[in-house]
Amino acid sequence: MSVTLRELVEETEFKLRVLHAADASALDRELVWAHSSDLGDPTPWLEAGQLLLTDGMQFAVSEAPDPGVQPQRAANGLRSPVSATATVRFQALASEVVFDAYVARLRAADIAALGFATEIIHAEVPADLVAACERHGLTLVEVAERTPFIGIIRYLADQRALEQRARLEWSLQAQRKLARAALRPGGLGAILVELERQLESWVALYDSTGLRVDAQTRIRVPESEAPEIERMVQSLLARGGRSGAHLHGESGDVTLQTVGQHGQLRGVLAVGGRAPLDLAGNDLVASAIGHASIALEQNRELDAARGHLRVGLLELLLAGEMEVATRTAETVWGKLPEAPIRVMQARGGEPGQALLDRLERLAGSGPEPIFFAARDHDLVAIVPARGGAALLEALTDAGFSAGASAPGGWPELPRLLAEARKAAERSTPNRPSVRFEDLATTGMLGALEAADGRVTARRVLQPLLEQGEQGRLLLDTLAAWTEGNCAWDPVAKSLGIHRHTLRSRVTTAEQLLGIDLQTFAGRAEVWSAMRLLDDA
């Protein structure tokens with residue numbers, strides 16, 4: 001309902017006549033406001049897009065009054081009309097240079113148009129003013145027949161009030177529709193669809209991993225803007241707090257706003273259109289974020305329940321209850337991976353929600369069937385024997401490494417899980433993926449580890465393990481001594497003890513273990529056992 005200059009000219013009560021249009025679209029420009037001023041430089045008090053109204057007082061001075069003529073008052077009570085018998089007569093002093101400078105200032109301030117009143121101070125619009133407007137490209141309108149400026153200003157104010165009222169009513173109705181959409185099945189997707197319909201702009205929701213949530217929206221995210229939007233989404237998520245951002249690209253303006261609480265972000269909502277959102281549009285987006293947050297929290301509760309179900313299914317699979325586990329998995333997620341399978345164990349701490357969200361997406365619509373469970377703060381996954389690439393990529397991106405068992409069948413699941421754990425312990429950030437069958441190719445220790453040599457290692461070192469803290473001290477001493485090539489003085493110095501103390505500890509360990517540590521064979525046996533032992 002914003003008023004354009006054309007609409008204002010077409011209002012016959014204002015007696016407006018266009019003397020010069022800056023370009024073909026000048027009359028269709030929306031007017032921000034109308035302001036009257038007779039100052040020589042009114043620009044400090046003006047805003048871009050305004051209509052400036054003046055009666056030209058700044059371009060004239062008065063002559064001495066004619067004593068034989070009585071004063072007359074204008075019909076509107078505000079100005080004295082121009083008359084041959086007027087008490088006050090004006091002589092135009094403005095030169096071409098003055099008009100040119102005046103119009104240049106208005107043009108630089110991006111004034112929409114200049115309205116010049118006639119029959120008040122000037123009988124007609126000065127020709128030099130018309131010429132200056134033509135040179136500088138400023139739209140010029142004559143305000144004739146002593147039209148009151150206040151009438152034009154009040155008209156624009158009334159139209160703005162109507163527009164604000166209409167936007168308020170639209171906002172209330174749109175928010176009601178969003179609330180109803182949130183109650184539908186698949187409420188999150190329905191919220192996005194309704195928001196797109198109301199704003200007539202594209203809408204996209206990104207989850208806590210930065211991946212876009214599928215929704216049946218009609219308008220696509222512009223391909224040219226997608227990479228920058230995704231980069232900004234990742235940046236907002238990385239901050240961890242509630243925040244927003246604005247982008248301006250070739251296809252228009254984009255508003256991004258995080259969804260969720262500080263430290264528990266659930267995603268980012270992005271809205272893009274040709275023009276920036278106004279106050280009512282921003283209010284609607286805020287309302288959508290509120291509804292989306294509730295929907296995501298409900299989904300989070302469902303995710304937690306599904307997580308517990310996954311752990312229960314893993315326990316059933318380890319117990320050999322394949323029929324029940326398979327039927328349950330197919331009902332909730334889909335088919336389990338077909339044999340031969342591999343078990344993968346993640347290493348790097350307790351998995352965060354962002355990683356679990358990404359794995360949930362992989363399990364639901366990834367390139368291969370995946371089953372995973374966060375069990376006792378450990379992440380265990382089961383993939384086809386020739387698969388696991390997508391899973392490993394997700395783990396690596398989240399800062400995890402992983403170990404994979406050798407291929408096997410479902411009845412062998414307990415053994416495969418043990419193999420995956422052993423392989424995971426040998427993984428590092430520089431070696432993010434280790435397969436169990438590859439351990440035997442890393443030397444004798446690898447072969448012993450693959451053959452479960454740790455059982456034997458624990459048996460060898462058991463006499464020290466039974467000594468508690470004293471035994472741990474002796475093991476640490478033996479580890480430093482053997483790693484230091486069994487040299488007394490350098491090792492004692494590195495440990496910060498006297499060499500006699502070092503000899504005493506080695507002798508005590510030798511007696512407890514019953515192994516002659518003065519021989520190479522004895523030292524090699526103890527060194528190998530310590531390398532293989534879980535606690536060494």
# chains A, B, ... in the order shown; residues from 1 in each chain; ligands from 1
>>> residues_around(residues="A:Arg361", least_positions_apart="6", cutoff="10 Å", atoms="only C-alpha atoms", output="number ranges by chain")
A: 211, 213, 355
>>> residues_around(residues="A:Gly272", least_positions_apart="4", cutoff="10 Å", atoms="only C-alpha atoms", output="number ranges by chain")
A: 196, 199-204, 219-222, 225, 246-249, 251-256, 276-277
>>> write_last_selection(atoms="N, CA and C atoms", output="CSV table (one decimal), in the first residue's frame")
chain,number,residue,atom,x,y,z
A,196,GLU,N,7.5,-20.7,3.7
A,196,GLU,CA,7.8,-20.4,2.3
A,196,GLU,C,6.6,-19.7,1.6
A,199,LEU,N,6.0,-16.0,3.0
A,199,LEU,CA,7.0,-15.0,2.7
A,199,LEU,C,7.2,-15.0,1.2
A,200,GLU,N,6.8,-16.0,0.4
A,200,GLU,CA,7.0,-16.1,-1.0
A,200,GLU,C,8.5,-16.0,-1.3
A,201,SER,N,9.3,-16.7,-0.4
A,201,SER,CA,10.8,-16.7,-0.5
A,201,SER,C,11.2,-18.1,-0.3
A,202,TRP,N,12.4,-18.5,-0.7
A,202,TRP,CA,12.9,-19.8,-0.4
A,202,TRP,C,13.3,-20.0,1.0
A,203,VAL,N,13.1,-21.2,1.5
A,203,VAL,CA,13.4,-21.4,3.0
A,203,VAL,C,14.1,-22.7,3.0
A,204,ALA,N,15.2,-22.8,3.9
A,204,ALA,CA,16.0,-24.0,4.1
A,204,ALA,C,16.4,-24.1,5.5
A,219,ILE,N,10.5,-23.6,-3.7
A,219,ILE,CA,11.5,-22.8,-4.2
A,219,ILE,C,12.9,-23.3,-3.8
A,220,ARG,N,13.8,-23.5,-4.7
A,220,ARG,CA,15.1,-24.0,-4.4
A,220,ARG,C,16.0,-22.9,-3.9
A,221,VAL,N,17.0,-23.3,-3.1
A,221,VAL,CA,18.1,-22.4,-2.8
A,221,VAL,C,18.9,-22.1,-4.1
A,222,PRO,N,19.2,-20.8,-4.4
A,222,PRO,CA,19.9,-20.5,-5.6
A,222,PRO,C,21.3,-21.3,-5.6
A,225,GLU,N,24.3,-19.3,-4.7
A,225,GLU,CA,24.5,-18.8,-3.4
A,225,GLU,C,24.7,-20.0,-2.4
A,246,HIS,N,23.4,-12.0,7.9
A,246,HIS,CA,22.8,-11.6,6.7
A,246,HIS,C,23.8,-11.6,5.5
A,247,LEU,N,23.3,-12.1,4.4
A,247,LEU,CA,24.1,-12.1,3.2
A,247,LEU,C,23.4,-11.4,2.1
A,248,HIS,N,24.1,-10.8,1.2
A,248,HIS,CA,23.5,-10.1,0.1
A,248,HIS,C,24.3,-10.6,-1.2
A,249,GLY,N,23.6,-11.4,-2.0
A,249,GLY,CA,24.2,-12.0,-3.2
A,249,GLY,C,23.5,-11.5,-4.5
A,251,SER,N,21.3,-13.1,-6.1
A,251,SER,CA,19.8,-13.4,-6.2
A,251,SER,C,19.0,-12.7,-5.2
A,252,GLY,N,19.6,-11.9,-4.3
A,252,GLY,CA,18.8,-11.2,-3.3
A,252,GLY,C,19.5,-11.3,-1.9
A,253,ASP,N,18.6,-11.0,-0.9
A,253,ASP,CA,19.1,-11.0,0.5
A,253,ASP,C,18.8,-12.3,1.2
A,254,VAL,N,19.7,-12.8,2.0
A,254,VAL,CA,19.5,-14.0,2.8
A,254,VAL,C,19.7,-13.7,4.3
A,255,THR,N,18.7,-14.2,5.0
A,255,THR,CA,18.7,-14.1,6.5
A,255,THR,C,19.0,-15.4,7.1
A,256,LEU,N,19.9,-15.6,8.0
A,256,LEU,CA,20.2,-16.8,8.7
A,256,LEU,C,20.1,-16.6,10.2
A,276,PRO,N,15.0,-7.5,1.4
A,276,PRO,CA,15.2,-7.8,2.8
A,276,PRO,C,13.9,-7.9,3.5
A,277,LEU,N,13.8,-8.7,4.6
A,277,LEU,CA,12.6,-8.9,5.3
A,277,LEU,C,12.3,-7.6,6.1
>>> atom_distance(atom1="atom CA of A:Asn282", atom2="atom CA of A:Ser25")
28.9 Å
>>> residues_around(residues="stretch 172-180 of chain A", least_positions_apart="3", cutoff="8 Å", atoms="only C-alpha atoms", output="list in words")
Leu168, Glu169, Leu183, Arg184, Ile191, Glu194, Leu195, Gln198, Leu284, Ser287, Ala288 and His291 of chain A
>>> select_by_dssp(residues="stretch 157-302 of chain A", states="helix (DSSP H, G or I)", output="PyMOL selection string")
chain A and resi 157-182+187-199+226-239+279-302
>>> closest_residue(among="A:Glu145, A:Glu425, A:Asp357, A:Asp100", to="A:Tyr206", atoms="only C-alpha atoms")
A:Asp357
>>> select_by_dssp(residues="stretch 100-183 of chain A", states="strand (DSSP E)", output="PyMOL selection string")
chain A and resi 113-117+140-143
>>> atom_distance(atom1="atom CA of A:Val311", atom2="atom CA of A:Leu379")
10.1 Å
>>> closest_residue(among="A:Glu419, A:Thr217, A:Arg435, A:Glu525", to="A:Arg458", atoms="only C-alpha atoms")
A:Glu525
>>> atom_distance(atom1="atom CA of A:Ala304", atom2="atom CA of A:Arg231")
28.6 Å
>>> residues_around(residues="A:Ala280", least_positions_apart="5", cutoff="9 Å", atoms="only C-alpha atoms", output="MDAnalysis selection string")
chainID A and resid 167:168 170:171 285
>>> residues_around(residues="stretch 124-133 of chain A", least_positions_apart="4", cutoff="9 Å", atoms="only C-alpha atoms", output="ChimeraX atom specification")
/A:19-22,56,94-97,99-104,107,114,116-119,137-140,142,144
>>> closest_residue(among="A:Ala245, A:Leu336, A:Leu392, A:Ala363", to="A:Trp410", atoms="only C-alpha atoms")
A:Leu336
>>> residues_around(residues="stretch 315-332 of chain A", least_positions_apart="6", cutoff="12 Å", atoms="only C-alpha atoms", output="PyMOL selection string")
chain A and resi 302-303+305-309+338+343+360+363-364+369-376+380+382+409-418
>>> write_last_selection(atoms="N, CA, C and O atoms", output="compact mmCIF listing (two decimals), in the first residue's frame")
# COMPACT_ATOMS: atom_id res chain seq x y z
N LEU A 302 12.76 -38.28 20.52
CA LEU A 302 12.61 -39.52 19.74
C LEU A 302 13.96 -40.12 19.41
O LEU A 302 14.14 -41.34 19.45
N ASP A 303 14.94 -39.26 19.10
CA ASP A 303 16.29 -39.76 18.80
C ASP A 303 16.89 -40.46 20.01
O ASP A 303 17.57 -41.49 19.87
N ALA A 305 15.22 -41.96 22.37
CA ALA A 305 14.54 -43.25 22.50
C ALA A 305 15.06 -44.25 21.47
O ALA A 305 15.28 -45.43 21.78
N ARG A 306 15.28 -43.76 20.24
CA ARG A 306 15.83 -44.66 19.22
C ARG A 306 17.25 -45.10 19.58
O ARG A 306 17.66 -46.22 19.29
N GLY A 307 18.01 -44.18 20.24
CA GLY A 307 19.36 -44.55 20.67
C GLY A 307 19.34 -45.68 21.67
O GLY A 307 20.15 -46.63 21.58
N HIS A 308 18.41 -45.62 22.62
CA HIS A 308 18.28 -46.72 23.58
C HIS A 308 17.86 -48.01 22.88
O HIS A 308 18.32 -49.11 23.24
N LEU A 309 16.99 -47.87 21.89
CA LEU A 309 16.55 -49.05 21.14
C LEU A 309 17.72 -49.65 20.37
O LEU A 309 17.85 -50.89 20.30
N GLU A 338 23.85 -57.13 5.12
CA GLU A 338 23.93 -58.56 4.87
C GLU A 338 25.36 -59.05 5.06
O GLU A 338 26.33 -58.34 4.82
N VAL A 343 32.58 -55.09 11.85
CA VAL A 343 32.24 -54.25 12.99
C VAL A 343 33.30 -53.16 13.09
O VAL A 343 34.50 -53.44 12.99
N GLU A 360 22.71 -40.91 11.83
CA GLU A 360 21.29 -41.24 11.67
C GLU A 360 20.86 -41.00 10.23
O GLU A 360 20.09 -41.78 9.66
N ALA A 363 22.35 -43.77 8.13
CA ALA A 363 21.63 -45.03 8.31
C ALA A 363 20.27 -45.01 7.62
O ALA A 363 19.77 -46.04 7.18
N GLY A 364 19.69 -43.82 7.51
CA GLY A 364 18.37 -43.74 6.91
C GLY A 364 18.38 -43.59 5.40
O GLY A 364 17.53 -44.15 4.71
N PRO A 369 23.63 -49.88 3.73
CA PRO A 369 23.00 -50.12 5.04
C PRO A 369 24.02 -50.03 6.15
O PRO A 369 25.12 -50.57 6.06
N ILE A 370 23.67 -49.31 7.20
CA ILE A 370 24.55 -49.14 8.37
C ILE A 370 23.71 -49.31 9.63
O ILE A 370 22.59 -48.79 9.71
N PHE A 371 24.25 -50.04 10.59
CA PHE A 371 23.64 -50.09 11.91
C PHE A 371 24.68 -49.60 12.90
O PHE A 371 25.84 -50.02 12.86
N PHE A 372 24.27 -48.72 13.80
CA PHE A 372 25.22 -48.22 14.80
C PHE A 372 24.52 -48.09 16.14
O PHE A 372 23.28 -48.04 16.23
N ALA A 373 25.32 -48.04 17.19
CA ALA A 373 24.79 -47.86 18.54
C ALA A 373 25.87 -47.22 19.40
O ALA A 373 27.05 -47.57 19.29
N ALA A 374 25.47 -46.25 20.23
CA ALA A 374 26.38 -45.65 21.21
C ALA A 374 26.21 -46.42 22.51
O ALA A 374 25.26 -46.19 23.26
N ARG A 375 27.15 -47.31 22.77
CA ARG A 375 27.04 -48.28 23.87
C ARG A 375 28.17 -48.03 24.88
O ARG A 375 29.33 -48.11 24.54
N ASP A 376 27.76 -47.72 26.13
CA ASP A 376 28.75 -47.46 27.18
C ASP A 376 29.73 -46.38 26.74
O ASP A 376 30.96 -46.51 26.91
N VAL A 380 29.75 -48.04 18.24
CA VAL A 380 29.95 -49.29 17.51
C VAL A 380 29.06 -49.26 16.28
O VAL A 380 27.90 -48.86 16.36
N ILE A 382 28.07 -51.41 12.42
CA ILE A 382 28.15 -52.63 11.62
C ILE A 382 27.85 -52.25 10.18
O ILE A 382 26.82 -51.64 9.89
N GLY A 409 30.51 -63.35 9.81
CA GLY A 409 29.06 -63.49 9.79
C GLY A 409 28.43 -62.98 11.07
O GLY A 409 29.12 -62.71 12.06
N TRP A 410 27.11 -62.84 11.07
CA TRP A 410 26.41 -62.35 12.25
C TRP A 410 26.61 -63.24 13.48
O TRP A 410 26.75 -62.70 14.59
N PRO A 411 26.67 -64.57 13.35
CA PRO A 411 26.90 -65.40 14.54
C PRO A 411 28.25 -65.12 15.20
O PRO A 411 28.44 -65.44 16.37
N GLU A 412 29.18 -64.55 14.47
CA GLU A 412 30.52 -64.26 15.01
C GLU A 412 30.62 -62.86 15.58
O GLU A 412 31.72 -62.37 15.85
N LEU A 413 29.51 -62.19 15.80
CA LEU A 413 29.51 -60.78 16.19
C LEU A 413 30.34 -60.50 17.45
O LEU A 413 31.09 -59.52 17.46
N PRO A 414 30.26 -61.31 18.53
CA PRO A 414 31.10 -61.00 19.70
C PRO A 414 32.59 -60.99 19.37
O PRO A 414 33.32 -60.10 19.83
N ARG A 415 33.04 -61.97 18.57
CA ARG A 415 34.46 -61.99 18.19
C ARG A 415 34.80 -60.79 17.31
O ARG A 415 35.86 -60.17 17.48
N LEU A 416 33.92 -60.45 16.39
CA LEU A 416 34.18 -59.30 15.52
C LEU A 416 34.26 -58.00 16.32
O LEU A 416 35.08 -57.13 16.00
N LEU A 417 33.43 -57.87 17.35
CA LEU A 417 33.48 -56.67 18.19
C LEU A 417 34.81 -56.58 18.93
O LEU A 417 35.41 -55.50 19.02
N ALA A 418 35.31 -57.71 19.42
CA ALA A 418 36.61 -57.72 20.11
C ALA A 418 37.73 -57.35 19.13
O ALA A 418 38.65 -56.61 19.48
>>> closest_residue(among="A:Thr4, A:Gln345, A:Gln518, A:Ser494", to="A:Ser405", atoms="only C-alpha atoms")
A:Gln345
>>> closest_residue(among="A:Leu156, A:Leu461, A:Ala398, A:Leu237", to="A:Glu11", atoms="only C-alpha atoms")
A:Leu156
>>> residues_around(residues="A:Ser504", least_positions_apart="4", cutoff="12 Å", atoms="only C-alpha atoms", output="count of residues only")
13
>>> closest_residue(among="A:Ala113, A:Ala529, A:Cys486, A:Ala389", to="A:Gly366", atoms="only C-alpha atoms")
A:Ala389
